[in-house]
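Asker: Just one file: my_file18.txt, with compact mmCIF, N, CA and C atoms.
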```
# COMPACT_ATOMS: atom_id res chain seq x y z
N MET A 1 67.02 121.02 113.58
CA MET A 1 68.16 121.23 114.43
C MET A 1 69.39 120.48 113.94
N THR A 2 69.21 119.25 113.50
CA THR A 2 70.33 118.43 113.06
C THR A 2 71.02 119.07 111.85
N ALA A 3 70.24 119.63 110.92
CA ALA A 3 70.82 120.26 109.74
C ALA A 3 71.69 121.45 110.13
N PHE A 4 71.33 122.16 111.18
CA PHE A 4 72.11 123.31 111.64
C PHE A 4 73.38 122.86 112.35
N ARG A 5 73.29 121.82 113.14
CA ARG A 5 74.44 121.37 113.95
C ARG A 5 75.59 120.85 113.10
N LYS A 6 75.30 120.12 112.05
CA LYS A 6 76.37 119.54 111.23
C LYS A 6 77.24 120.62 110.58
N PRO A 7 76.66 121.63 109.91
CA PRO A 7 77.52 122.68 109.35
C PRO A 7 78.29 123.44 110.43
N ALA A 8 77.64 123.68 111.56
CA ALA A 8 78.33 124.40 112.64
C ALA A 8 79.49 123.58 113.18
N LEU A 9 79.28 122.28 113.32
CA LEU A 9 80.35 121.40 113.79
C LEU A 9 81.48 121.36 112.77
N LEU A 10 81.13 121.26 111.50
CA LEU A 10 82.13 121.24 110.44
C LEU A 10 82.93 122.53 110.44
N LEU A 11 82.26 123.65 110.57
CA LEU A 11 82.94 124.96 110.62
C LEU A 11 83.88 125.03 111.81
N ALA A 12 83.44 124.56 112.96
CA ALA A 12 84.28 124.56 114.16
C ALA A 12 85.52 123.71 113.95
N LEU A 13 85.37 122.56 113.32
CA LEU A 13 86.52 121.69 113.05
C LEU A 13 87.50 122.34 112.08
N VAL A 14 87.00 123.02 111.07
CA VAL A 14 87.87 123.71 110.10
C VAL A 14 88.65 124.82 110.80
N VAL A 15 87.98 125.59 111.63
CA VAL A 15 88.64 126.67 112.36
C VAL A 15 89.71 126.11 113.29
N LEU A 16 89.39 125.07 114.03
CA LEU A 16 90.36 124.47 114.95
C LEU A 16 91.54 123.88 114.20
N ALA A 17 91.30 123.27 113.06
CA ALA A 17 92.39 122.70 112.26
C ALA A 17 93.30 123.81 111.78
N GLY A 18 92.74 124.94 111.38
CA GLY A 18 93.55 126.08 110.95
C GLY A 18 94.38 126.63 112.08
N LEU A 19 93.82 126.70 113.26
CA LEU A 19 94.58 127.19 114.42
C LEU A 19 95.70 126.24 114.80
N ALA A 20 95.44 124.95 114.68
CA ALA A 20 96.47 123.96 115.02
C ALA A 20 97.62 124.02 114.03
N ALA A 21 97.36 124.33 112.78
CA ALA A 21 98.41 124.38 111.75
C ALA A 21 99.22 125.67 111.83
N ARG A 22 98.71 126.69 112.45
CA ARG A 22 99.37 128.00 112.47
C ARG A 22 100.77 127.97 113.09
N PRO A 23 101.02 127.29 114.20
CA PRO A 23 102.37 127.32 114.76
C PRO A 23 103.44 126.84 113.78
N ALA A 24 103.15 125.84 112.97
CA ALA A 24 104.13 125.37 111.99
C ALA A 24 104.39 126.45 110.96
N TRP A 25 103.33 127.13 110.51
CA TRP A 25 103.49 128.22 109.57
C TRP A 25 104.29 129.36 110.19
N ALA A 26 103.93 129.72 111.42
CA ALA A 26 104.62 130.81 112.11
C ALA A 26 106.09 130.46 112.31
N GLN A 27 106.37 129.22 112.64
CA GLN A 27 107.76 128.79 112.84
C GLN A 27 108.54 128.90 111.54
N SER A 28 107.92 128.56 110.42
CA SER A 28 108.63 128.63 109.15
C SER A 28 108.89 130.08 108.75
N THR A 29 107.96 131.01 109.06
CA THR A 29 108.23 132.41 108.73
C THR A 29 109.31 132.98 109.64
N VAL A 30 109.37 132.54 110.88
CA VAL A 30 110.43 132.98 111.78
C VAL A 30 111.79 132.51 111.25
N ALA A 31 111.86 131.26 110.82
CA ALA A 31 113.11 130.73 110.27
C ALA A 31 113.51 131.48 109.00
N GLU A 32 112.54 131.76 108.15
CA GLU A 32 112.82 132.52 106.93
C GLU A 32 113.26 133.94 107.27
N GLY A 33 112.62 134.54 108.28
CA GLY A 33 113.01 135.89 108.71
C GLY A 33 114.43 135.93 109.24
N GLN A 34 114.81 134.91 110.01
CA GLN A 34 116.18 134.86 110.53
C GLN A 34 117.17 134.72 109.37
N LYS A 35 116.83 133.86 108.43
CA LYS A 35 117.71 133.67 107.27
C LYS A 35 117.90 135.00 106.53
N LEU A 36 116.82 135.73 106.31
CA LEU A 36 116.90 137.01 105.62
C LEU A 36 117.67 138.05 106.43
N ALA A 37 117.42 138.08 107.74
CA ALA A 37 118.10 139.06 108.60
C ALA A 37 119.61 138.84 108.63
N PHE A 38 120.03 137.59 108.57
CA PHE A 38 121.45 137.26 108.63
C PHE A 38 122.11 137.26 107.25
N ASP A 39 121.32 137.31 106.19
CA ASP A 39 121.85 137.26 104.82
C ASP A 39 122.50 138.60 104.48
N ARG A 40 123.80 138.58 104.26
CA ARG A 40 124.55 139.81 103.98
C ARG A 40 124.15 140.47 102.66
N SER A 41 123.47 139.74 101.79
CA SER A 41 123.07 140.32 100.50
C SER A 41 121.59 140.71 100.46
N LYS A 42 120.87 140.49 101.55
CA LYS A 42 119.43 140.76 101.53
C LYS A 42 119.05 141.69 102.69
N GLY A 43 118.67 141.11 103.85
CA GLY A 43 118.28 141.93 104.99
C GLY A 43 119.46 142.65 105.60
N ASN A 44 120.54 141.91 105.76
CA ASN A 44 121.82 142.50 106.18
C ASN A 44 121.76 143.18 107.55
N CYS A 45 120.89 142.75 108.44
CA CYS A 45 120.73 143.38 109.76
C CYS A 45 122.03 143.35 110.56
N LEU A 46 122.81 142.29 110.39
CA LEU A 46 124.05 142.13 111.17
C LEU A 46 125.12 143.17 110.84
N THR A 47 125.00 143.82 109.72
CA THR A 47 125.97 144.85 109.38
C THR A 47 125.95 145.97 110.42
N CYS A 48 124.78 146.26 110.95
CA CYS A 48 124.63 147.38 111.88
C CYS A 48 124.20 147.00 113.29
N HIS A 49 123.64 145.80 113.47
CA HIS A 49 123.04 145.44 114.75
C HIS A 49 123.61 144.16 115.35
N VAL A 50 123.75 144.16 116.67
CA VAL A 50 124.04 142.94 117.41
C VAL A 50 122.71 142.21 117.54
N MET A 51 122.73 140.91 117.22
CA MET A 51 121.53 140.09 117.30
C MET A 51 121.91 138.72 117.82
N LYS A 52 121.08 138.17 118.68
CA LYS A 52 121.30 136.82 119.20
C LYS A 52 121.42 135.84 118.04
N GLY A 53 122.50 135.06 118.05
CA GLY A 53 122.70 134.05 117.02
C GLY A 53 123.48 134.53 115.82
N GLY A 54 123.77 135.83 115.75
CA GLY A 54 124.47 136.37 114.60
C GLY A 54 125.97 136.44 114.82
N ASP A 55 126.72 136.31 113.73
CA ASP A 55 128.18 136.38 113.78
C ASP A 55 128.66 137.70 113.20
N LEU A 56 129.72 138.24 113.79
CA LEU A 56 130.38 139.46 113.32
C LEU A 56 129.41 140.64 113.15
N PRO A 57 128.67 140.98 114.20
CA PRO A 57 127.70 142.08 114.08
C PRO A 57 128.38 143.45 114.10
N GLY A 58 127.69 144.42 113.54
CA GLY A 58 128.11 145.81 113.63
C GLY A 58 127.50 146.46 114.85
N THR A 59 127.90 147.69 115.10
CA THR A 59 127.39 148.39 116.28
C THR A 59 126.86 149.78 115.94
N ILE A 60 126.56 150.03 114.68
CA ILE A 60 126.02 151.33 114.27
C ILE A 60 124.63 151.53 114.84
N GLY A 61 123.81 150.48 114.74
CA GLY A 61 122.43 150.55 115.23
C GLY A 61 122.31 149.93 116.60
N PRO A 62 121.14 150.06 117.22
CA PRO A 62 120.95 149.49 118.56
C PRO A 62 120.92 147.96 118.50
N GLU A 63 121.24 147.35 119.64
CA GLU A 63 121.14 145.90 119.74
C GLU A 63 119.68 145.50 119.58
N LEU A 64 119.46 144.46 118.81
CA LEU A 64 118.09 144.01 118.56
C LEU A 64 117.74 142.91 119.56
N LYS A 65 117.09 143.32 120.64
CA LYS A 65 116.63 142.38 121.67
C LYS A 65 115.40 142.97 122.33
N ASP A 66 114.60 142.10 122.92
CA ASP A 66 113.36 142.51 123.59
C ASP A 66 112.46 143.35 122.69
N LEU A 67 112.44 143.04 121.40
CA LEU A 67 111.71 143.86 120.45
C LEU A 67 110.20 143.75 120.59
N LYS A 68 109.71 142.60 121.00
CA LYS A 68 108.26 142.46 121.18
C LYS A 68 107.79 143.34 122.34
N THR A 69 108.65 143.52 123.33
CA THR A 69 108.32 144.40 124.46
C THR A 69 108.47 145.87 124.05
N ARG A 70 109.53 146.17 123.33
CA ARG A 70 109.79 147.55 122.91
C ARG A 70 108.81 148.02 121.84
N TYR A 71 108.37 147.10 120.99
CA TYR A 71 107.43 147.41 119.92
C TYR A 71 106.28 146.41 119.94
N PRO A 72 105.35 146.57 120.89
CA PRO A 72 104.24 145.60 120.99
C PRO A 72 103.36 145.61 119.73
N ASP A 73 103.31 146.73 119.02
CA ASP A 73 102.57 146.80 117.77
C ASP A 73 103.53 146.44 116.63
N ARG A 74 103.38 145.24 116.09
CA ARG A 74 104.30 144.75 115.06
C ARG A 74 104.33 145.67 113.84
N ASN A 75 103.23 146.42 113.62
CA ASN A 75 103.18 147.32 112.48
C ASN A 75 104.24 148.43 112.58
N GLU A 76 104.62 148.77 113.78
CA GLU A 76 105.68 149.77 113.96
C GLU A 76 107.02 149.22 113.44
N LEU A 77 107.31 147.97 113.74
CA LEU A 77 108.53 147.35 113.21
C LEU A 77 108.47 147.22 111.69
N VAL A 78 107.31 146.87 111.17
CA VAL A 78 107.15 146.78 109.71
C VAL A 78 107.46 148.14 109.09
N ALA A 79 106.92 149.20 109.68
CA ALA A 79 107.15 150.55 109.15
C ALA A 79 108.63 150.94 109.22
N ILE A 80 109.30 150.55 110.30
CA ILE A 80 110.73 150.85 110.45
C ILE A 80 111.52 150.16 109.34
N LEU A 81 111.23 148.91 109.09
CA LEU A 81 111.94 148.19 108.03
C LEU A 81 111.56 148.72 106.64
N PHE A 82 110.33 149.09 106.47
CA PHE A 82 109.89 149.57 105.16
C PHE A 82 110.57 150.90 104.82
N ASP A 83 110.53 151.87 105.76
CA ASP A 83 111.15 153.17 105.50
C ASP A 83 111.28 153.96 106.80
N GLU A 84 112.37 153.75 107.52
CA GLU A 84 112.61 154.43 108.79
C GLU A 84 112.80 155.93 108.61
N THR A 85 113.11 156.38 107.38
CA THR A 85 113.31 157.82 107.17
C THR A 85 112.03 158.62 107.38
N LYS A 86 110.88 157.99 107.30
CA LYS A 86 109.62 158.70 107.58
C LYS A 86 109.54 159.10 109.05
N ARG A 87 110.04 158.25 109.92
CA ARG A 87 110.02 158.51 111.35
C ARG A 87 111.24 159.30 111.79
N ASN A 88 112.37 158.99 111.19
CA ASN A 88 113.64 159.61 111.57
C ASN A 88 114.43 159.92 110.29
N PRO A 89 114.30 161.14 109.78
CA PRO A 89 114.99 161.50 108.53
C PRO A 89 116.51 161.39 108.60
N GLN A 90 117.08 161.39 109.80
CA GLN A 90 118.54 161.32 109.96
C GLN A 90 119.06 159.89 110.12
N THR A 91 118.20 158.91 110.01
CA THR A 91 118.59 157.51 110.25
C THR A 91 119.63 157.03 109.24
N MET A 92 120.43 156.08 109.67
CA MET A 92 121.37 155.40 108.79
C MET A 92 120.74 154.15 108.18
N MET A 93 119.56 153.78 108.67
CA MET A 93 118.91 152.55 108.24
C MET A 93 118.36 152.71 106.82
N PRO A 94 118.70 151.76 105.96
CA PRO A 94 118.17 151.82 104.59
C PRO A 94 116.66 151.61 104.55
N PRO A 95 115.97 152.27 103.64
CA PRO A 95 114.53 152.05 103.47
C PRO A 95 114.30 150.78 102.65
N PHE A 96 114.33 149.63 103.32
CA PHE A 96 114.29 148.33 102.65
C PHE A 96 113.06 148.13 101.77
N GLY A 97 111.92 148.58 102.23
CA GLY A 97 110.70 148.41 101.44
C GLY A 97 110.58 149.45 100.35
N ARG A 98 110.79 150.71 100.69
CA ARG A 98 110.66 151.79 99.71
C ARG A 98 111.61 151.58 98.54
N ASN A 99 112.82 151.10 98.83
CA ASN A 99 113.81 150.87 97.77
C ASN A 99 113.72 149.48 97.15
N ARG A 100 112.71 148.72 97.56
CA ARG A 100 112.44 147.37 97.03
C ARG A 100 113.63 146.42 97.21
N ILE A 101 114.35 146.61 98.31
CA ILE A 101 115.41 145.67 98.68
C ILE A 101 114.76 144.41 99.23
N LEU A 102 113.67 144.60 100.00
CA LEU A 102 112.90 143.50 100.56
C LEU A 102 111.45 143.65 100.14
N THR A 103 110.80 142.51 99.90
CA THR A 103 109.37 142.52 99.59
C THR A 103 108.58 142.67 100.88
N GLU A 104 107.30 142.93 100.75
CA GLU A 104 106.42 143.01 101.93
C GLU A 104 106.44 141.69 102.70
N GLN A 105 106.42 140.57 101.98
CA GLN A 105 106.46 139.25 102.61
C GLN A 105 107.78 139.05 103.36
N GLU A 106 108.89 139.47 102.79
CA GLU A 106 110.20 139.33 103.44
C GLU A 106 110.27 140.22 104.68
N ILE A 107 109.75 141.42 104.60
CA ILE A 107 109.73 142.32 105.76
C ILE A 107 108.92 141.69 106.88
N ASN A 108 107.76 141.14 106.56
CA ASN A 108 106.92 140.51 107.58
C ASN A 108 107.61 139.30 108.20
N ALA A 109 108.34 138.52 107.41
CA ALA A 109 109.08 137.38 107.95
C ALA A 109 110.18 137.86 108.90
N ILE A 110 110.88 138.91 108.53
CA ILE A 110 111.93 139.45 109.41
C ILE A 110 111.32 139.98 110.70
N VAL A 111 110.20 140.64 110.62
CA VAL A 111 109.51 141.13 111.82
C VAL A 111 109.10 139.96 112.71
N ASP A 112 108.59 138.89 112.10
CA ASP A 112 108.24 137.69 112.90
C ASP A 112 109.47 137.19 113.64
N PHE A 113 110.61 137.16 112.98
CA PHE A 113 111.86 136.73 113.63
C PHE A 113 112.27 137.72 114.72
N LEU A 114 112.27 139.01 114.41
CA LEU A 114 112.70 140.02 115.38
C LEU A 114 111.87 139.96 116.66
N GLN A 115 110.61 139.62 116.53
CA GLN A 115 109.75 139.55 117.72
C GLN A 115 110.10 138.37 118.62
N THR A 116 110.94 137.47 118.15
CA THR A 116 111.38 136.36 119.00
C THR A 116 112.64 136.71 119.78
N LEU A 117 113.28 137.81 119.44
CA LEU A 117 114.53 138.18 120.11
C LEU A 117 114.28 138.84 121.46
```
As a first step, turn the structure in this file into structure tokens.

Answerer:
Amino acid sequence: MTAFRKPALLLALVVLAGLAARPAWAQSTVAEGQKLAFDRSKGNCLTCHVMKGGDLPGTIGPELKDLKTRYPDRNELVAILFDETKRNPQTMMPPFGRNRILTEQEINAIVDFLQTL
């Protein structure tokens, strides 16, 4: 019994340590996502969207707020950023992923940020 308990306890501690570290990681991806979203040469979300914390926003696209409620499945937001033309061929939104303007990691960071709005 003792031989079984020690590995199980060790595994539990590793899992708990990973869960405790996650908020810091999540916070850093949110900060990176905000930086990318506000960057006029990268995500450039402010060119078309009003966003909390952003300066000089455009009004071509909808205001970006309550996105976690509007899009509870984060994969939908990822798909929109990757290539909104698949869902809406008439969109003005650039296909950031398809055109390799943003990497998959950058898109995921922006989605993490958008879900906080």

Asker: Name the closest residue to Thr103 of chain A among the candidates A:Asn88, A:Val78, A:His49, A:Val30; distances are taken between atoms, counting only C-alpha atoms.

Answerer: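 Between A:Asn88, A:Val78, A:His49, A:Val30, the residue approaching Thr103 of chain A most closely is A:Val78.
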
Asker: Give the centre and edge lengths of an axis-aligned box, in Å to one decimal, that holds all listed atoms of segment 55-64 of chain A with 6 Å on each side, as AutoDock Vina command-line options.

Answerer:
```
--center_x 124.1 --center_y 143.9 --center_z 116.4 --size_x 24.6 --size_y 27.2 --size_z 18.6
```

Asker: Give the answer as one residue: which of A:Ile101, A:Lys35, A:Asp66, A:Arg40 has the shortest atom-to-atom distance to Gly53 of chain A, using only C-alpha atoms?

Answerer: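 Nearest candidate to Gly53 of chain A out of A:Ile101, A:Lys35, A:Asp66, A:Arg40: A:Lys35.
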
Asker: Can you tell me, as a list in words, what residues are no more than 7 Å from Phe82 of chain A when counting only C-alpha atoms, ignoring any on the same chain fewer than 2 positions away?

Answerer: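 With the cut-off at 7 Å, the set is Val78, Ala79, Ile80, Glu84, Pro95, Phe96, Gly97 and Arg98 of chain A.
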
Asker: Measure the distance from atom CA of Ser41 of chain A to atom CA of Asp73 of chain A in Å and round it to one decimal.

Answerer: 27.6 Å

Asker: Between atom CA of Leu56 of chain A and atom CA of Pro94 of chain A, what is the distance in Å, rounded to a tenth?

Answerer: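 Taking atom CA of Leu56 of chain A as the start and atom CA of Pro94 of chain A as the end point, the length is 19.4 Å.
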
Asker: Which is closer to Arg74 of chain A than all the others in A:Cys48, A:Leu102, A:Val111, A:Ile60, using only N, CA and C atoms?

Answerer: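 For Arg74 of chain A, the nearest of the given residues is A:Val111.
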